[in-house]
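Structure first, commentary second.
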Amino acid sequence: MVNRHICIIALCSLFRCFAQPEPCTTCPHYVKKTVDAPARFLFIAGLEGSGHHSLSNMFAMCVRRRVLCRHDRELGQLLHGNRSHPTGIFVYGRQAAADIAALRKRFFARLQHLRDAPRDRGAPVLYLLNVNADGATIPDAGMMSYPNFGPPDKVLHHPDMQTLATMAEAAGADLRVLVVLRGARETLVSTSVHRLGEFPPWPEEAAVLGNSAAALASELALVDPRFVVCAPFAVATDPGAHRGAWASRLGPALHPGLDDALVAVLAEGRAVDTTAVDKTRRAIPAAPPTPPGAYDPHVEHVEKMLGLVDAACRRRGGVYVEAEA
């Protein structure tokens, strides 16, 4: 009975965090105090199938131009290593507490070093934490989507934005989290239709995506909204077609140096396949089990969990880029 009461209290507290239209002083999120630093750190968060490969191509071009974007392989490996048997600073269910603590100590030190790196001191710089933005796969790290890689225990293999935000703030590193929002059906088609074999069949993938969306929403609810920038898939992954939204709102929210000229660079990168994607994989022919517009409980399940992510994105203090008409 005591455990039941504790669970009810915890759920009510979490609901208050989602429902609050502005930063909630009673919610257990970590308040963001490091703002407007010339060096920023960007993590791109989203479900698998929500555009990480397109974003990799975009930011890889920015890294190659050496104007604003940087990529640090050590940080990426500390976030996620060892592919489907992950190790890193997050709780993946396989590491001892001492091992996680040691990796977090290294991650913290690396954040501080990059924050104060002599070559970039005082100069605007955007460090990319994931999506393989150096044009080659970080060994064993993947895209760090929700979830990342496959079995066993695939659904447990995802980052933790609350832990990342807490560590960044403690290190005095100015972190931004770009959350890419894609529709439930479109995400399922991207994974279980276009890449069936690499991803599970539709019913199983719906359960995985729903669980992952709930995890992401919970983590976002536990951090100050000022860490968070949210944008729909169409806008986030196509700066050429949505240059106005990028130049006026999305780009500056990620870093003030992401001006119109650099948005053009991102658009150029999107058209170039610079990521080390395994092109030997052959898709298994598949089609959605239900036609568009028909009722599908699997789509409904993912939709309602994505609704929690959207609610966490809309809290006052964060940046929410609306889809263009």
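Here, A, B, ... name the chains of the structure tokens in the order displayed, residue numbers run from 1 inside each chain, and ligands are numbered from 1 in the same displayed order.
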
* To do: Mind checking which residues fall within 12 Å of Arg176 in chain A, counting only C-alpha atoms, ignoring those fewer than 2 positions away in the same chain, and posting them as a ChimeraX atom specification?
  => /A:32,34-37,39-45,126-129,161-162,164-165,168-169,173-174,178-179,220,223-230,250-255,318-319

Those same residues, written as an mmCIF file, in the first residue's frame with C-alpha atoms?
```cif
data_model
loop_
_atom_site.group_PDB
_atom_site.id
_atom_site.type_symbol
_atom_site.label_atom_id
_atom_site.label_comp_id
_atom_site.auth_asym_id
_atom_site.auth_seq_id
_atom_site.Cartn_x
_atom_site.Cartn_y
_atom_site.Cartn_z
ATOM 1 C CA LYS A 32 19.506 26.288 -16.396
ATOM 2 C CA THR A 34 24.491 28.856 -18.089
ATOM 3 C CA VAL A 35 23.100 30.860 -21.003
ATOM 4 C CA ASP A 36 24.469 32.976 -23.856
ATOM 5 C CA ALA A 37 27.923 31.382 -23.733
ATOM 6 C CA ALA A 39 30.570 27.893 -26.820
ATOM 7 C CA ARG A 40 27.412 25.795 -26.917
ATOM 8 C CA PHE A 41 26.823 22.053 -26.914
ATOM 9 C CA LEU A 42 24.001 20.529 -28.965
ATOM 10 C CA PHE A 43 22.296 17.169 -28.533
ATOM 11 C CA ILE A 44 19.687 16.143 -31.103
ATOM 12 C CA ALA A 45 16.960 14.072 -29.441
ATOM 13 C CA LEU A 126 28.776 24.816 -31.539
ATOM 14 C CA TYR A 127 29.891 21.379 -30.315
ATOM 15 C CA LEU A 128 27.757 18.552 -31.697
ATOM 16 C CA LEU A 129 27.338 15.711 -29.214
ATOM 17 C CA MET A 161 18.355 14.322 -21.117
ATOM 18 C CA GLN A 162 17.982 15.086 -17.429
ATOM 19 C CA LEU A 164 22.953 15.281 -19.620
ATOM 20 C CA ALA A 165 21.475 18.658 -18.646
ATOM 21 C CA ALA A 168 26.364 20.202 -18.533
ATOM 22 C CA GLU A 169 25.103 22.753 -16.037
ATOM 23 C CA ALA A 173 28.614 24.144 -20.395
ATOM 24 C CA ASP A 174 25.779 25.800 -22.323
ATOM 25 C CA LEU A 178 16.967 19.939 -30.241
ATOM 26 C CA VAL A 179 13.894 17.691 -30.117
ATOM 27 C CA LEU A 220 12.242 16.715 -20.792
ATOM 28 C CA VAL A 223 14.733 19.890 -16.981
ATOM 29 C CA ASP A 224 14.399 23.627 -17.299
ATOM 30 C CA PRO A 225 12.552 24.425 -20.570
ATOM 31 C CA ARG A 226 15.389 26.770 -21.522
ATOM 32 C CA PHE A 227 17.494 23.724 -22.410
ATOM 33 C CA VAL A 228 14.927 22.653 -24.996
ATOM 34 C CA VAL A 229 14.327 23.618 -28.635
ATOM 35 C CA CYS A 230 11.599 21.694 -30.486
ATOM 36 C CA LEU A 250 15.471 27.654 -35.096
ATOM 37 C CA GLY A 251 19.074 28.530 -35.975
ATOM 38 C CA PRO A 252 19.486 31.368 -33.429
ATOM 39 C CA ALA A 253 17.877 29.199 -30.727
ATOM 40 C CA LEU A 254 20.592 26.596 -31.241
ATOM 41 C CA HIS A 255 23.404 29.161 -31.513
ATOM 42 C CA GLY A 318 11.588 26.768 -24.226
ATOM 43 C CA VAL A 319 11.591 27.314 -27.994
#
```

Surrounding residues of His157 in chain A excluding itself and chain neighbours under 5 positions, 7 Å, only C-alpha atoms, as a PDB file with N, CA and C atoms, in the first residue's frame:
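Output (result.pdb):
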```pdb
ATOM      1  N   TYR A  92      22.154   2.298 -18.632  1.00  0.00           N
ATOM      2  CA  TYR A  92      21.702   1.411 -19.697  1.00  0.00           C
ATOM      3  C   TYR A  92      21.320   0.021 -19.186  1.00  0.00           C
ATOM      4  N   PRO A 147      14.972   4.410 -29.256  1.00  0.00           N
ATOM      5  CA  PRO A 147      16.204   3.908 -28.644  1.00  0.00           C
ATOM      6  C   PRO A 147      17.338   3.888 -29.653  1.00  0.00           C
ATOM      7  N   ASN A 148      18.500   3.406 -29.209  1.00  0.00           N
ATOM      8  CA  ASN A 148      19.705   3.382 -30.037  1.00  0.00           C
ATOM      9  C   ASN A 148      20.157   1.941 -30.219  1.00  0.00           C
TER      10      ASN A 148
END
```

* Taking only C-alpha atoms into account, which of A:Pro200, A:Gly46, A:Ala234, A:Gly93 comes nearest Val309 in chain A? ->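 Closest to Val309 in chain A, using only C-alpha atoms: A:Gly46.
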
* Structure fact -> Among A:Ser248, A:Pro38, A:Arg73, A:Ser50, Ala123 in chain A is approached most closely, using only C-alpha atoms, by A:Pro38

* Residue contacts of range 60-72 of chain A (8 Å, only C-alpha atoms) excluding same-chain residues fewer than 2 positions away, as a list in words ->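 Within the cut-off, the hits are Ser56, Asn57, Met58, Glu74, Leu75, Gly76, Pro124, Val125, Leu126, Tyr127, Leu128, Leu129, Asn132, Ala133, Asp134, Gly135, Gly257, Leu258, Leu262, Val265, Leu266, Glu268, Gly269 and Thr274 of chain A.
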
Store the residues of this selection in a file with N, CA, C and O atoms, as a short mmCIF file (atom, residue, chain, number, x, y, z; two decimals), in the first residue's frame.
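Heads up, here's the output in result_19.cif:
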```
data_model
loop_
_atom_site.label_atom_id
_atom_site.label_comp_id
_atom_site.auth_asym_id
_atom_site.auth_seq_id
_atom_site.Cartn_x
_atom_site.Cartn_y
_atom_site.Cartn_z
N SER A 56 22.62 14.47 -39.62
CA SER A 56 24.05 14.17 -39.69
C SER A 56 24.65 14.77 -40.94
O SER A 56 25.72 15.39 -40.91
N ASN A 57 23.99 14.57 -42.07
CA ASN A 57 24.49 15.13 -43.32
C ASN A 57 24.58 16.65 -43.25
O ASN A 57 25.56 17.26 -43.71
N MET A 58 23.57 17.27 -42.67
CA MET A 58 23.55 18.73 -42.57
C MET A 58 24.72 19.25 -41.74
O MET A 58 25.48 20.12 -42.19
N GLU A 74 35.46 11.97 -28.49
CA GLU A 74 35.56 11.46 -27.13
C GLU A 74 34.24 11.64 -26.38
O GLU A 74 33.78 10.73 -25.68
N LEU A 75 33.62 12.81 -26.54
CA LEU A 75 32.32 13.02 -25.89
C LEU A 75 31.29 12.02 -26.39
O LEU A 75 30.52 11.46 -25.61
N GLY A 76 31.27 11.78 -27.70
CA GLY A 76 30.32 10.83 -28.26
C GLY A 76 30.50 9.43 -27.72
O GLY A 76 29.53 8.75 -27.37
N PRO A 124 32.75 32.07 -31.10
CA PRO A 124 31.53 31.27 -31.14
C PRO A 124 31.80 29.88 -31.69
O PRO A 124 32.50 29.71 -32.70
N VAL A 125 31.28 28.87 -31.02
CA VAL A 125 31.47 27.49 -31.46
C VAL A 125 30.26 26.67 -31.02
O VAL A 125 29.69 26.91 -29.95
N LEU A 126 29.88 25.72 -31.85
CA LEU A 126 28.78 24.82 -31.54
C LEU A 126 29.31 23.39 -31.59
O LEU A 126 29.65 22.87 -32.65
N TYR A 127 29.42 22.76 -30.41
CA TYR A 127 29.89 21.38 -30.32
C TYR A 127 28.70 20.43 -30.48
O TYR A 127 27.70 20.54 -29.76
N LEU A 128 28.83 19.50 -31.40
CA LEU A 128 27.76 18.55 -31.70
C LEU A 128 28.04 17.25 -30.96
O LEU A 128 29.07 16.62 -31.16
N LEU A 129 27.11 16.85 -30.09
CA LEU A 129 27.34 15.71 -29.21
C LEU A 129 26.98 14.37 -29.85
O LEU A 129 27.46 13.34 -29.40
N ASN A 132 26.83 11.80 -35.35
CA ASN A 132 27.99 11.50 -36.19
C ASN A 132 28.34 12.64 -37.14
O ASN A 132 28.59 12.43 -38.33
N ALA A 133 28.38 13.83 -36.62
CA ALA A 133 28.50 15.00 -37.48
C ALA A 133 29.92 15.27 -37.97
O ALA A 133 30.17 16.29 -38.58
N ASP A 134 30.86 14.36 -37.73
CA ASP A 134 32.18 14.51 -38.34
C ASP A 134 32.25 13.78 -39.67
O ASP A 134 33.30 13.69 -40.29
N GLY A 135 31.12 13.25 -40.13
CA GLY A 135 31.07 12.57 -41.41
C GLY A 135 31.42 11.11 -41.35
O GLY A 135 31.46 10.43 -42.36
N GLY A 257 25.27 32.15 -33.77
CA GLY A 257 26.11 32.15 -34.95
C GLY A 257 25.54 31.38 -36.12
O GLY A 257 26.09 31.41 -37.22
N LEU A 258 24.42 30.66 -35.89
CA LEU A 258 23.79 29.91 -36.98
C LEU A 258 22.92 30.87 -37.79
O LEU A 258 21.70 30.87 -37.70
N LEU A 262 25.03 30.19 -42.77
CA LEU A 262 25.27 28.83 -42.30
C LEU A 262 24.05 27.94 -42.52
O LEU A 262 24.18 26.73 -42.70
N VAL A 265 24.56 26.48 -45.71
CA VAL A 265 25.52 25.38 -45.64
C VAL A 265 24.83 24.09 -45.18
O VAL A 265 25.07 23.01 -45.72
N LEU A 266 23.94 24.20 -44.18
CA LEU A 266 23.20 23.03 -43.72
C LEU A 266 22.33 22.48 -44.84
O LEU A 266 22.23 21.25 -45.02
N GLU A 268 22.90 22.68 -47.99
CA GLU A 268 23.81 22.02 -48.93
C GLU A 268 24.19 20.63 -48.41
O GLU A 268 24.24 19.66 -49.16
N GLY A 269 24.45 20.54 -47.11
CA GLY A 269 24.83 19.26 -46.52
C GLY A 269 23.74 18.22 -46.59
O GLY A 269 24.01 17.03 -46.72
N THR A 274 26.94 12.12 -46.41
CA THR A 274 28.26 12.11 -45.80
C THR A 274 28.38 11.15 -44.64
O THR A 274 29.44 11.00 -44.06
#
```

* Structure fact -> Counting only C-alpha atoms, the residue among A:Ile100, A:Leu111, A:Ala267, A:Ala214 that lies closest to Leu308 in chain A is A:Ala214

* To do: Please report, as a PyMOL selection string, each residue of range 121-269 of chain A to which DSSP assigns alpha helix (DSSP H) when run on this structure's backbone.
  => chain A and resi 161-170+184-188+202-221+233-236+243-245+251-254+260-269

Sorted by chain and rising residue number, which residues of range 124-241 of chain A lie within 7 Å of range 293-302 of chain A, and what are their closest atom pairs and distances in Å to one decimal, counting only C-alpha atoms, as a Markdown table?
```
| residue | atom | partner | partner_atom | distance |
| --- | --- | --- | --- | --- |
| A:Ala184 | CA | A:Val302 | CA | 5.5 |
| A:Arg185 | CA | A:Val299 | CA | 5.8 |
| A:Pro203 | CA | A:His298 | CA | 6.2 |
| A:Ala206 | CA | A:His298 | CA | 5.5 |
| A:Leu209 | CA | A:Val302 | CA | 6.3 |
| A:Gly210 | CA | A:Val302 | CA | 4.6 |
```

Print the selection's residues with C-alpha atoms to a file, as a PDB file, in the first residue's frame.
```pdb
ATOM      1  CA  ALA A 184       3.512   8.507 -35.281  1.00  0.00           C
ATOM      2  CA  ARG A 185       2.540   6.927 -38.576  1.00  0.00           C
ATOM      3  CA  PRO A 203       3.393  -4.016 -33.873  1.00  0.00           C
ATOM      4  CA  ALA A 206       5.003   0.605 -32.050  1.00  0.00           C
ATOM      5  CA  LEU A 209       8.496   3.751 -29.945  1.00  0.00           C
ATOM      6  CA  GLY A 210       5.715   4.357 -27.438  1.00  0.00           C
TER       7      GLY A 210
END
```

* **DSSP strand (DSSP E) selection over range 61-182 of chain A, as a list of chain:residue names** => A:Cys69, A:Arg70, A:His71, A:Val125, A:Leu126, A:Tyr127, A:Leu128, A:Asp174, A:Leu175, A:Arg176, A:Val177, A:Leu178, A:Val179, A:Val180, A:Leu181

* **Polymer residues at most 7 Å from Ala231 in chain A, only C-alpha atoms, same-chain spacing of 6 or more positions, as JSON, numbers by chain** => {"A": [179, 180, 181, 320, 321, 322]}
